[in-house]
Amino acid sequence: MKSLKNSFFYLIIIGGFSTLIYWIILKGKVLEIGQNIVHNQTGNGHWNHFVTSMGHNLQNPLAILLVQVITIILIARFFGWICRKIGQPSVVGEIVAGVVLGPSLIGMYFPEYSALLFPKGSLGNLQFLSQIGLIFFMFVIGMELDLKALRNKAHDAVVISHASIIIPFALGIGLAYYIYHSFAPEGVEFTSFGLFLGIAMSITAFPVLARIVQERGIHKTKLGSIVLTCAAADDVSAWCILAAVIAIVKAGSFVSSLYVMGLTLIYVILMFKVVRPFLKKVGDLNSTRESLNKPVVAIFFLTLLFSSYAAELIGIHALFGAFLAGVIMPENNKFRNIFIEKVEDVSVIVLLPLFFVFTGLRTQIGLIDDPYLWKVTGLIILVAVVGKFFGSALAAKIVGHNWKDSLSIGALMNTRGLMELVVLNIGYDLGVLSAQIFTMMVIMALVTTFMTGPAMDFINYIFRVKNTIIPEGISAKGKYKILISFENSEKGKKLLKVANSLVKKQSVNSIVTTMHLSLSSEMHSFDLKDYEKEVFLPVINESENLGQQVYTLFKVSNDIDSEITETANQGEYDLLLVGLGQSIFEGTLLGKVLGFTTRIINPDRFLDKITGKEGLFENSPFDERTRQIIANSKMPVGILVDKELEDIDRVFMPIFSKEDGFLMEFAQKLIHNNGAQVTILDTIGQSNGNREIQELVRSIEQIAPNHIMTMQDRTIKKEFLEQQDLMIISLESWKKLIDSHSIWLNNTPSVLIIKP
């Protein structure tokens, strides 16, 4: 009745007011008399009007900007993906994407398309939007700096950092002396030109370096700690020097720049002594996601904008103000992590690629059209590498590091990436750098960033030692080693229960390692320790409850799929356990097979999936990963499908062929270590050559007669399956189960699928 009443009211309101609108429009036509309104009288005229209107819409500045943003994001993500696949930082691909979309490639070979996509009149909007993205990005970089670590490890780090700045800075000014007449823009003083070349040679890309350190798993080592601290000190020092250089260039002389530097000093003191304590109080009161509401967020964003505006007003560039605003944010890691999440996605994914492309539009490789110019470009790269790479390495060696660590520090500090482009664009905007020298320096930034990974690999090869995944001081010889790779703490706890049930009474002769991998793009250097503690704490607590000693392994990687099998193979583990939770399969075909719904749907298609003809987990993040683990692991792999596994006292183990005999080893371990009751479903029988498996069963019966039993009836009652805690089955037998359309699959308990 209520629904009918609502429908009637809806029809009256919509119909009545629509009629009123139509009547007013008809009456309004009378008002057009004498207004000289031109109407298209023919059908063709209407079409022409539509086409003309669409043309105007396409030329609208907002429409142009939107299509530019869409194109830039797609191309940047594509090239970033390619670079990650070949082991390079994604920033290299994004820089290359900018160069590709600029006059060096698209503009050279498809000038009409380039002019259509990037008309000169639209570049101002693109520049301002990219600058907003840079402001937010520098804000994040400031927040990622760990000032506590900088203070605690300052001695060695400052020596190395300042050496890695002053040496390339001096070489850069020396280079400027030789190329000033040929490449400096007309009217630019040597001091300005030389200082900008010097600072451009001295920059290190802290965010790129931090990602490389994380991905290589050295962030917890002495080398990783010192190089991150060096890069942080380098970042702070270089930006202070850059601010001074900008002040000198804008003021026109060193004496005039002293006024700017004086204002800068007052500004920095106010930010640290007045603004920072206020923000700390606000942050302490609002450090949770729930309490960080819009008014509180507005306070911090206003701080960022005011700081950027003040820096621009003083004459040291808005980016320095954004960086400083990030540095003075509350040091509470939870707060910083929440705030970075709010800022980073938009700034890194949407706005930052605009900066790369805007840089690419300024980069004209076609200007380097002479062998002499390429020689100068090579000389610039050589000076940059010698100054930064060898300068840092020499300083590290002098303060007491070995040659391997010293060269590694040099290779990492030589990474320039995005920060170099920021400096170059500032120099270009100030008119200090010509288009030609700007292009040469962009090429240098690309080369020095690209060479970091190969240089690190080469250094590790020269000073190679046998990698060991087992903790130092622990002898792994003759021990049964299990590696658990888990996605989250809950899955880690369930996998640990399985591992514990296999080795509980053999702790002296077994090693259990729990491993968690995170994508480098989702991690920040300042919160790695907190995140590692958070993810491993529930697993460690569970190990204490079980009385199982475990070793932990935390890695940050840009290719988790390969990292799991590489770690397992290098560590020569006897068993790799990975987990797949129920939530992943709900609503999918695999979920239906495992009993998340009432029946099996299209089992033939599922068989195609599990054998690799189709993606096994088509709509989950584990599709390709699971296949890679199964295909590339050199040891048995156990895939746990968890359906609220609690105990492992009753185990069901179907045997479909004599090749499944390897499962008896797991039955023995479960009975000996966990006292489990194992039920073997023997579908072969003695007539089919199953004597070996039957003999194994009899040998277990002699030792533990009440813990193993066999059954040959394929008709499995629902009540029996509901009483089981775990089903262990081989991958091949699992395929056969699906192929046989077994109805009792609907009621299976948690399943451990094992690839031998």
# chains A, B, ... in the order shown; residues from 1 in each chain; ligands from 1

$ residues_around --residues "Phe438 of chain A" --least-positions-apart "3" --cutoff "12 Å" --atoms "only C-alpha atoms" --output "compact mmCIF listing (two decimals) with N, CA, C and O atoms, in the first residue's frame"
# COMPACT_ATOMS: atom_id res chain seq x y z
N PHE A 183 77.55 26.91 -24.07
CA PHE A 183 76.22 26.42 -23.71
C PHE A 183 75.43 27.31 -22.75
O PHE A 183 74.24 27.08 -22.57
N ALA A 184 76.06 28.28 -22.12
CA ALA A 184 75.31 29.15 -21.19
C ALA A 184 74.41 30.09 -21.98
O ALA A 184 74.83 30.64 -23.01
N PRO A 185 73.17 30.30 -21.56
CA PRO A 185 72.29 31.26 -22.25
C PRO A 185 72.89 32.67 -22.20
O PRO A 185 73.61 33.02 -21.27
N PHE A 193 75.36 30.12 -13.65
CA PHE A 193 75.48 28.92 -14.48
C PHE A 193 76.28 27.84 -13.75
O PHE A 193 75.88 26.66 -13.69
N PHE A 196 74.42 26.29 -10.67
CA PHE A 196 73.35 25.36 -11.02
C PHE A 196 73.91 24.04 -11.56
O PHE A 196 73.36 22.97 -11.27
N LEU A 197 74.98 24.09 -12.33
CA LEU A 197 75.60 22.83 -12.77
C LEU A 197 76.15 22.08 -11.57
O LEU A 197 76.04 20.84 -11.50
N ALA A 200 73.26 20.50 -9.61
CA ALA A 200 72.67 19.43 -10.42
C ALA A 200 73.52 18.16 -10.36
O ALA A 200 73.00 17.04 -10.39
N THR A 359 58.54 17.92 -18.37
CA THR A 359 60.00 17.89 -18.54
C THR A 359 60.36 17.33 -19.90
O THR A 359 61.25 17.84 -20.59
N GLY A 360 59.63 16.25 -20.30
CA GLY A 360 59.88 15.65 -21.61
C GLY A 360 59.60 16.60 -22.76
O GLY A 360 60.29 16.58 -23.78
N LEU A 361 58.57 17.46 -22.60
CA LEU A 361 58.25 18.44 -23.63
C LEU A 361 59.36 19.48 -23.78
O LEU A 361 59.51 20.10 -24.83
N ARG A 362 60.12 19.67 -22.71
CA ARG A 362 61.26 20.60 -22.78
C ARG A 362 62.54 19.92 -23.26
O ARG A 362 63.50 20.60 -23.60
N THR A 363 62.53 18.59 -23.23
CA THR A 363 63.73 17.83 -23.60
C THR A 363 63.72 17.58 -25.10
O THR A 363 62.86 16.86 -25.61
N GLN A 364 64.67 18.16 -25.80
CA GLN A 364 64.72 18.04 -27.26
C GLN A 364 66.03 17.34 -27.64
O GLN A 364 67.05 17.99 -27.88
N ILE A 365 65.97 16.02 -27.69
CA ILE A 365 67.18 15.25 -28.01
C ILE A 365 67.65 15.59 -29.42
O ILE A 365 68.84 15.47 -29.74
N LEU A 367 68.17 18.38 -30.55
CA LEU A 367 69.15 19.47 -30.48
C LEU A 367 70.58 18.95 -30.40
O LEU A 367 71.52 19.66 -30.73
N ILE A 368 70.73 17.72 -29.92
CA ILE A 368 72.08 17.12 -29.83
C ILE A 368 72.31 16.37 -31.14
O ILE A 368 72.21 15.14 -31.22
N THR A 377 77.84 15.53 -23.81
CA THR A 377 76.88 14.79 -22.99
C THR A 377 77.57 13.67 -22.23
O THR A 377 77.33 13.46 -21.03
N ILE A 380 79.53 15.12 -19.38
CA ILE A 380 78.64 15.47 -18.27
C ILE A 380 78.32 14.23 -17.43
O ILE A 380 78.37 14.24 -16.20
N GLU A 420 66.64 15.25 -9.54
CA GLU A 420 67.48 15.92 -10.53
C GLU A 420 66.62 16.74 -11.49
O GLU A 420 66.94 17.87 -11.83
N LEU A 421 65.49 16.15 -11.91
CA LEU A 421 64.60 16.86 -12.84
C LEU A 421 64.01 18.11 -12.20
O LEU A 421 63.80 19.12 -12.88
N VAL A 422 63.74 18.03 -10.89
CA VAL A 422 63.22 19.21 -10.19
C VAL A 422 64.23 20.35 -10.27
O VAL A 422 63.89 21.49 -10.61
N VAL A 423 65.49 20.05 -9.97
CA VAL A 423 66.55 21.07 -10.01
C VAL A 423 66.71 21.62 -11.42
O VAL A 423 66.81 22.84 -11.62
N LEU A 424 66.71 20.73 -12.41
CA LEU A 424 66.90 21.17 -13.80
C LEU A 424 65.76 22.07 -14.26
O LEU A 424 65.99 23.07 -14.96
N ASN A 425 64.53 21.73 -13.88
CA ASN A 425 63.39 22.56 -14.29
C ASN A 425 63.43 23.93 -13.62
O ASN A 425 63.05 24.94 -14.23
N ILE A 426 63.89 23.97 -12.37
CA ILE A 426 64.04 25.27 -11.70
C ILE A 426 65.07 26.12 -12.45
O ILE A 426 64.86 27.31 -12.71
N GLY A 427 66.20 25.50 -12.82
CA GLY A 427 67.23 26.21 -13.58
C GLY A 427 66.74 26.68 -14.93
O GLY A 427 67.05 27.80 -15.37
N TYR A 428 65.93 25.84 -15.59
CA TYR A 428 65.37 26.21 -16.89
C TYR A 428 64.39 27.37 -16.75
O TYR A 428 64.40 28.32 -17.55
N ASP A 429 63.53 27.31 -15.73
CA ASP A 429 62.55 28.38 -15.51
C ASP A 429 63.23 29.71 -15.19
O ASP A 429 62.72 30.78 -15.56
N GLY A 431 65.98 30.62 -16.41
CA GLY A 431 66.74 31.04 -17.58
C GLY A 431 68.23 30.79 -17.45
O GLY A 431 69.03 31.27 -18.27
N VAL A 432 68.65 29.99 -16.46
CA VAL A 432 70.07 29.71 -16.24
C VAL A 432 70.56 28.60 -17.17
O VAL A 432 71.72 28.58 -17.58
N LEU A 433 69.66 27.66 -17.50
CA LEU A 433 70.02 26.54 -18.36
C LEU A 433 69.33 26.69 -19.71
O LEU A 433 68.13 26.95 -19.78
N SER A 434 70.08 26.50 -20.79
CA SER A 434 69.52 26.54 -22.14
C SER A 434 68.83 25.21 -22.44
O SER A 434 69.01 24.22 -21.72
N ALA A 435 68.03 25.17 -23.51
CA ALA A 435 67.34 23.94 -23.90
C ALA A 435 68.34 22.83 -24.19
O ALA A 435 68.09 21.66 -23.89
N MET A 441 71.46 17.28 -19.52
CA MET A 441 71.37 16.95 -18.10
C MET A 441 70.25 15.95 -17.83
O MET A 441 70.36 15.10 -16.93
N VAL A 442 69.16 16.02 -18.58
CA VAL A 442 68.09 15.03 -18.44
C VAL A 442 68.59 13.64 -18.83
O VAL A 442 68.30 12.64 -18.16
N ILE A 443 69.38 13.59 -19.91
CA ILE A 443 69.98 12.30 -20.31
C ILE A 443 70.88 11.78 -19.20
O ILE A 443 70.89 10.59 -18.87
N MET A 444 71.67 12.68 -18.59
CA MET A 444 72.53 12.28 -17.46
C MET A 444 71.70 11.72 -16.31
O MET A 444 72.06 10.70 -15.70
N ALA A 445 70.58 12.37 -16.00
CA ALA A 445 69.72 11.90 -14.91
C ALA A 445 69.19 10.50 -15.20
O ALA A 445 69.15 9.63 -14.32

$ residues_around --residues "Asn460 of chain A" --least-positions-apart "5" --cutoff "10 Å" --atoms "only C-alpha atoms" --output "PyMOL selection string"
chain A and resi 404-405+407-408+454-455+465

$ closest_residue --among "A:Ser501, A:Thr71, A:Val447, A:Lys85" --to "Asp559 of chain A" --atoms "only C-alpha atoms"
A:Lys85

$ residues_around --residues "Pro207 of chain A" --least-positions-apart "2" --cutoff "12 Å" --atoms "only C-alpha atoms" --output "PyMOL selection string"
chain A and resi 89-91+137-138+140-145+204-205+209-214+228+231-232+235+348+412-413+415-420+449+520-521+523-526

$ select_by_dssp --residues "segment 192-375 of chain A" --states "helix (DSSP H, G or I)" --output "JSON, numbers by chain"
{"A": [192, 193, 194, 195, 196, 197, 198, 199, 200, 201, 202, 206, 207, 208, 209, 210, 211, 212, 213, 214, 215, 222, 223, 224, 225, 226, 227, 228, 229, 230, 231, 232, 233, 234, 235, 236, 237, 238, 239, 240, 241, 242, 243, 244, 245, 246, 247, 248, 249, 250, 251, 254, 255, 256, 257, 258, 259, 260, 261, 262, 263, 264, 265, 266, 267, 268, 269, 270, 271, 272, 273, 274, 275, 276, 277, 278, 279, 280, 281, 282, 283, 284, 285, 294, 295, 296, 297, 298, 299, 300, 301, 302, 303, 304, 305, 306, 307, 308, 309, 310, 311, 312, 313, 314, 318, 319, 320, 321, 322, 323, 324, 325, 326, 327, 333, 334, 335, 336, 337, 338, 339, 340, 341, 342, 343, 344, 345, 346, 347, 348, 349, 350, 351, 352, 353, 354, 355, 356, 357, 358, 359, 360, 361, 362, 365, 366, 367, 371, 372, 373, 374, 375]}

$ residues_around --residues "Ile160 of chain A" --least-positions-apart "5" --cutoff "9 Å" --atoms "only C-alpha atoms" --output "PDB file with N, CA, C and O atoms, in the first residue's frame"
ATOM      1  N   HIS A 155      77.103  11.121  12.499  1.00  0.00           N
ATOM      2  CA  HIS A 155      78.537  11.340  12.317  1.00  0.00           C
ATOM      3  C   HIS A 155      79.042  10.821  10.968  1.00  0.00           C
ATOM      4  O   HIS A 155      79.439  11.606  10.103  1.00  0.00           O
ATOM      5  N   ILE A 165      78.449  15.630  -1.760  1.00  0.00           N
ATOM      6  CA  ILE A 165      77.912  16.884  -2.311  1.00  0.00           C
ATOM      7  C   ILE A 165      79.036  17.787  -2.808  1.00  0.00           C
ATOM      8  O   ILE A 165      79.011  18.277  -3.940  1.00  0.00           O
ATOM      9  N   CYS A 230      72.595   8.673   4.896  1.00  0.00           N
ATOM     10  CA  CYS A 230      73.379   9.549   4.005  1.00  0.00           C
ATOM     11  C   CYS A 230      72.476  10.273   3.018  1.00  0.00           C
ATOM     12  O   CYS A 230      72.625  11.477   2.785  1.00  0.00           O
ATOM     13  N   ASP A 234      71.873  14.114   2.695  1.00  0.00           N
ATOM     14  CA  ASP A 234      72.143  14.700   1.381  1.00  0.00           C
ATOM     15  C   ASP A 234      70.947  15.527   0.922  1.00  0.00           C
ATOM     16  O   ASP A 234      71.096  16.638   0.395  1.00  0.00           O
ATOM     17  N   GLY A 391      83.147   9.795  -5.326  1.00  0.00           N
ATOM     18  CA  GLY A 391      83.264  10.688  -4.173  1.00  0.00           C
ATOM     19  C   GLY A 391      82.647  10.071  -2.927  1.00  0.00           C
ATOM     20  O   GLY A 391      83.248  10.068  -1.843  1.00  0.00           O
ATOM     21  N   SER A 392      81.443   9.503  -3.081  1.00  0.00           N
ATOM     22  CA  SER A 392      80.768   8.852  -1.949  1.00  0.00           C
ATOM     23  C   SER A 392      81.524   7.605  -1.507  1.00  0.00           C
ATOM     24  O   SER A 392      81.695   7.351  -0.304  1.00  0.00           O
ATOM     25  N   ALA A 393      81.976   6.813  -2.487  1.00  0.00           N
ATOM     26  CA  ALA A 393      82.691   5.572  -2.164  1.00  0.00           C
ATOM     27  C   ALA A 393      83.991   5.866  -1.426  1.00  0.00           C
ATOM     28  O   ALA A 393      84.337   5.181  -0.445  1.00  0.00           O
ATOM     29  N   LEU A 394      84.723   6.860  -1.880  1.00  0.00           N
ATOM     30  CA  LEU A 394      85.989   7.222  -1.233  1.00  0.00           C
ATOM     31  C   LEU A 394      85.753   7.693   0.198  1.00  0.00           C
ATOM     32  O   LEU A 394      86.465   7.288   1.132  1.00  0.00           O
ATOM     33  N   ALA A 395      84.726   8.522   0.401  1.00  0.00           N
ATOM     34  CA  ALA A 395      84.417   9.009   1.745  1.00  0.00           C
ATOM     35  C   ALA A 395      84.002   7.856   2.656  1.00  0.00           C
ATOM     36  O   ALA A 395      84.403   7.798   3.831  1.00  0.00           O
ATOM     37  N   ALA A 396      83.200   6.931   2.130  1.00  0.00           N
ATOM     38  CA  ALA A 396      82.764   5.779   2.928  1.00  0.00           C
ATOM     39  C   ALA A 396      83.948   4.899   3.316  1.00  0.00           C
ATOM     40  O   ALA A 396      84.023   4.398   4.453  1.00  0.00           O
ATOM     41  N   VAL A 399      85.964   6.575   6.191  1.00  0.00           N
ATOM     42  CA  VAL A 399      85.367   6.531   7.532  1.00  0.00           C
ATOM     43  C   VAL A 399      85.283   5.113   8.090  1.00  0.00           C
ATOM     44  O   VAL A 399      84.807   4.918   9.212  1.00  0.00           O
TER      45      VAL A 399
END

$ residues_around --residues "Asp649 of chain A" --least-positions-apart "5" --cutoff "12 Å" --atoms "only C-alpha atoms" --output "PyMOL selection string"
chain A and resi 497-498+501-502+667+670-679+707-708+723-727

$ write_last_selection --atoms "C-alpha atoms" --output "PDB file, in the first residue's frame"
ATOM      1  CA  LYS A 497      49.803 -24.487  12.806  1.00  0.00           C
ATOM      2  CA  VAL A 498      50.287 -26.728   9.779  1.00  0.00           C
ATOM      3  CA  SER A 501      51.964 -30.220  13.319  1.00  0.00           C
ATOM      4  CA  LEU A 502      54.665 -31.565  10.981  1.00  0.00           C
ATOM      5  CA  ALA A 667      51.010 -38.822   7.306  1.00  0.00           C
ATOM      6  CA  LEU A 670      51.496 -35.743  11.454  1.00  0.00           C
ATOM      7  CA  ILE A 671      51.105 -38.941  13.469  1.00  0.00           C
ATOM      8  CA  HIS A 672      54.572 -38.828  15.058  1.00  0.00           C
ATOM      9  CA  ASN A 673      54.652 -35.083  15.823  1.00  0.00           C
ATOM     10  CA  ASN A 674      51.008 -34.203  16.380  1.00  0.00           C
ATOM     11  CA  GLY A 675      49.373 -37.520  17.288  1.00  0.00           C
ATOM     12  CA  ALA A 676      46.870 -36.976  14.483  1.00  0.00           C
ATOM     13  CA  GLN A 677      44.276 -39.567  13.432  1.00  0.00           C
ATOM     14  CA  VAL A 678      44.843 -40.057   9.693  1.00  0.00           C
ATOM     15  CA  THR A 679      42.272 -41.684   7.420  1.00  0.00           C
ATOM     16  CA  HIS A 707      46.345 -43.386  14.493  1.00  0.00           C
ATOM     17  CA  ILE A 708      45.883 -44.584  10.912  1.00  0.00           C
ATOM     18  CA  GLN A 723      34.386 -34.343  11.533  1.00  0.00           C
ATOM     19  CA  GLN A 724      37.742 -33.881   9.766  1.00  0.00           C
ATOM     20  CA  ASP A 725      40.036 -30.931  10.463  1.00  0.00           C
ATOM     21  CA  LEU A 726      42.143 -31.075   7.322  1.00  0.00           C
ATOM     22  CA  MET A 727      42.267 -32.819   3.972  1.00  0.00           C
TER      23      MET A 727
END

$ residues_around --residues "Ile349 of chain A" --least-positions-apart "2" --cutoff "12 Å" --atoms "only C-alpha atoms" --output "NGL selection string"
:A and (69-70 or 72-77 or 80 or 90-91 or 94 or 130 or 133-134 or 136-137 or 343-347 or 351-356 or 521)

$ residues_around --residues "Met201 of chain A" --least-positions-apart "3" --cutoff "8 Å" --atoms "only C-alpha atoms" --output "tab-separated table (two decimals) with N, CA, C and O atoms, in the first residue's frame"
chain	number	residue	atom	x	y	z
A	168	PRO	N	81.20	16.39	-6.23
A	168	PRO	CA	80.55	16.63	-7.53
A	168	PRO	C	80.21	18.10	-7.76
A	168	PRO	O	80.19	18.56	-8.90
A	169	PHE	N	79.94	18.85	-6.67
A	169	PHE	CA	79.66	20.28	-6.81
A	169	PHE	C	80.87	21.00	-7.40
A	169	PHE	O	80.75	21.80	-8.34
A	172	GLY	N	81.32	19.96	-10.96
A	172	GLY	CA	80.30	20.60	-11.80
A	172	GLY	C	80.66	22.03	-12.14
A	172	GLY	O	80.50	22.47	-13.29
A	197	LEU	N	74.98	24.09	-12.33
A	197	LEU	CA	75.60	22.83	-12.77
A	197	LEU	C	76.15	22.08	-11.57
A	197	LEU	O	76.04	20.84	-11.50
A	198	GLY	N	76.72	22.80	-10.61
A	198	GLY	CA	77.27	22.16	-9.42
A	198	GLY	C	76.20	21.46	-8.61
A	198	GLY	O	76.36	20.29	-8.23
A	383	VAL	N	81.49	13.19	-15.47
A	383	VAL	CA	81.72	14.06	-14.31
A	383	VAL	C	80.72	13.74	-13.19
A	383	VAL	O	81.09	13.67	-12.01
A	384	ALA	N	79.47	13.50	-13.57
A	384	ALA	CA	78.44	13.20	-12.58
A	384	ALA	C	78.75	11.90	-11.84
A	384	ALA	O	78.65	11.81	-10.61
A	387	GLY	N	82.11	12.22	-9.72
A	387	GLY	CA	81.91	13.04	-8.53
A	387	GLY	C	81.06	12.37	-7.48
A	387	GLY	O	81.42	12.33	-6.30
A	388	LYS	N	79.93	11.82	-7.89
A	388	LYS	CA	78.97	11.27	-6.91
A	388	LYS	C	79.33	9.84	-6.52
A	388	LYS	O	79.39	9.50	-5.33

$ closest_residue --among "A:Leu575, A:Leu663, A:Leu737, A:Val556" --to "Ser510 of chain A" --atoms "only C-alpha atoms"
A:Leu575

$ closest_residue --among "A:Ile564, A:Ile82, A:Ile328, A:Ile12" --to "Glu487 of chain A" --atoms "only C-alpha atoms"
A:Ile564

$ atom_distance --atom1 "atom CA of His516 of chain A" --atom2 "atom CA of Phe554 of chain A"
5.2 Å

$ closest_residue --among "A:Leu126, A:Tyr531, A:Val51, A:Gly102" --to "Leu65 of chain A" --atoms "only C-alpha atoms"
A:Leu126

$ select_by_dssp --residues "segment 384-565 of chain A" --states "strand (DSSP E or B)" --output "VMD selection string"
chain A and resid 480 to 485 510 to 519 551 to 557

$ atom_distance --atom1 "atom CA of Lys334 of chain A" --atom2 "atom CA of Ile540 of chain A"
21.9 Å

$ closest_residue --among "A:Gly571, A:Ala244, A:Leu223, A:Phe323" --to "Trp403 of chain A" --atoms "only C-alpha atoms"
A:Leu223

$ closest_residue --among "A:Ser225, A:Leu731, A:Ala322, A:Glu719" --to "Phe656 of chain A" --atoms "only C-alpha atoms"
A:Leu731

$ atom_distance --atom1 "atom CA of Leu519 of chain A" --atom2 "atom CA of Asp561 of chain A"
10.5 Å
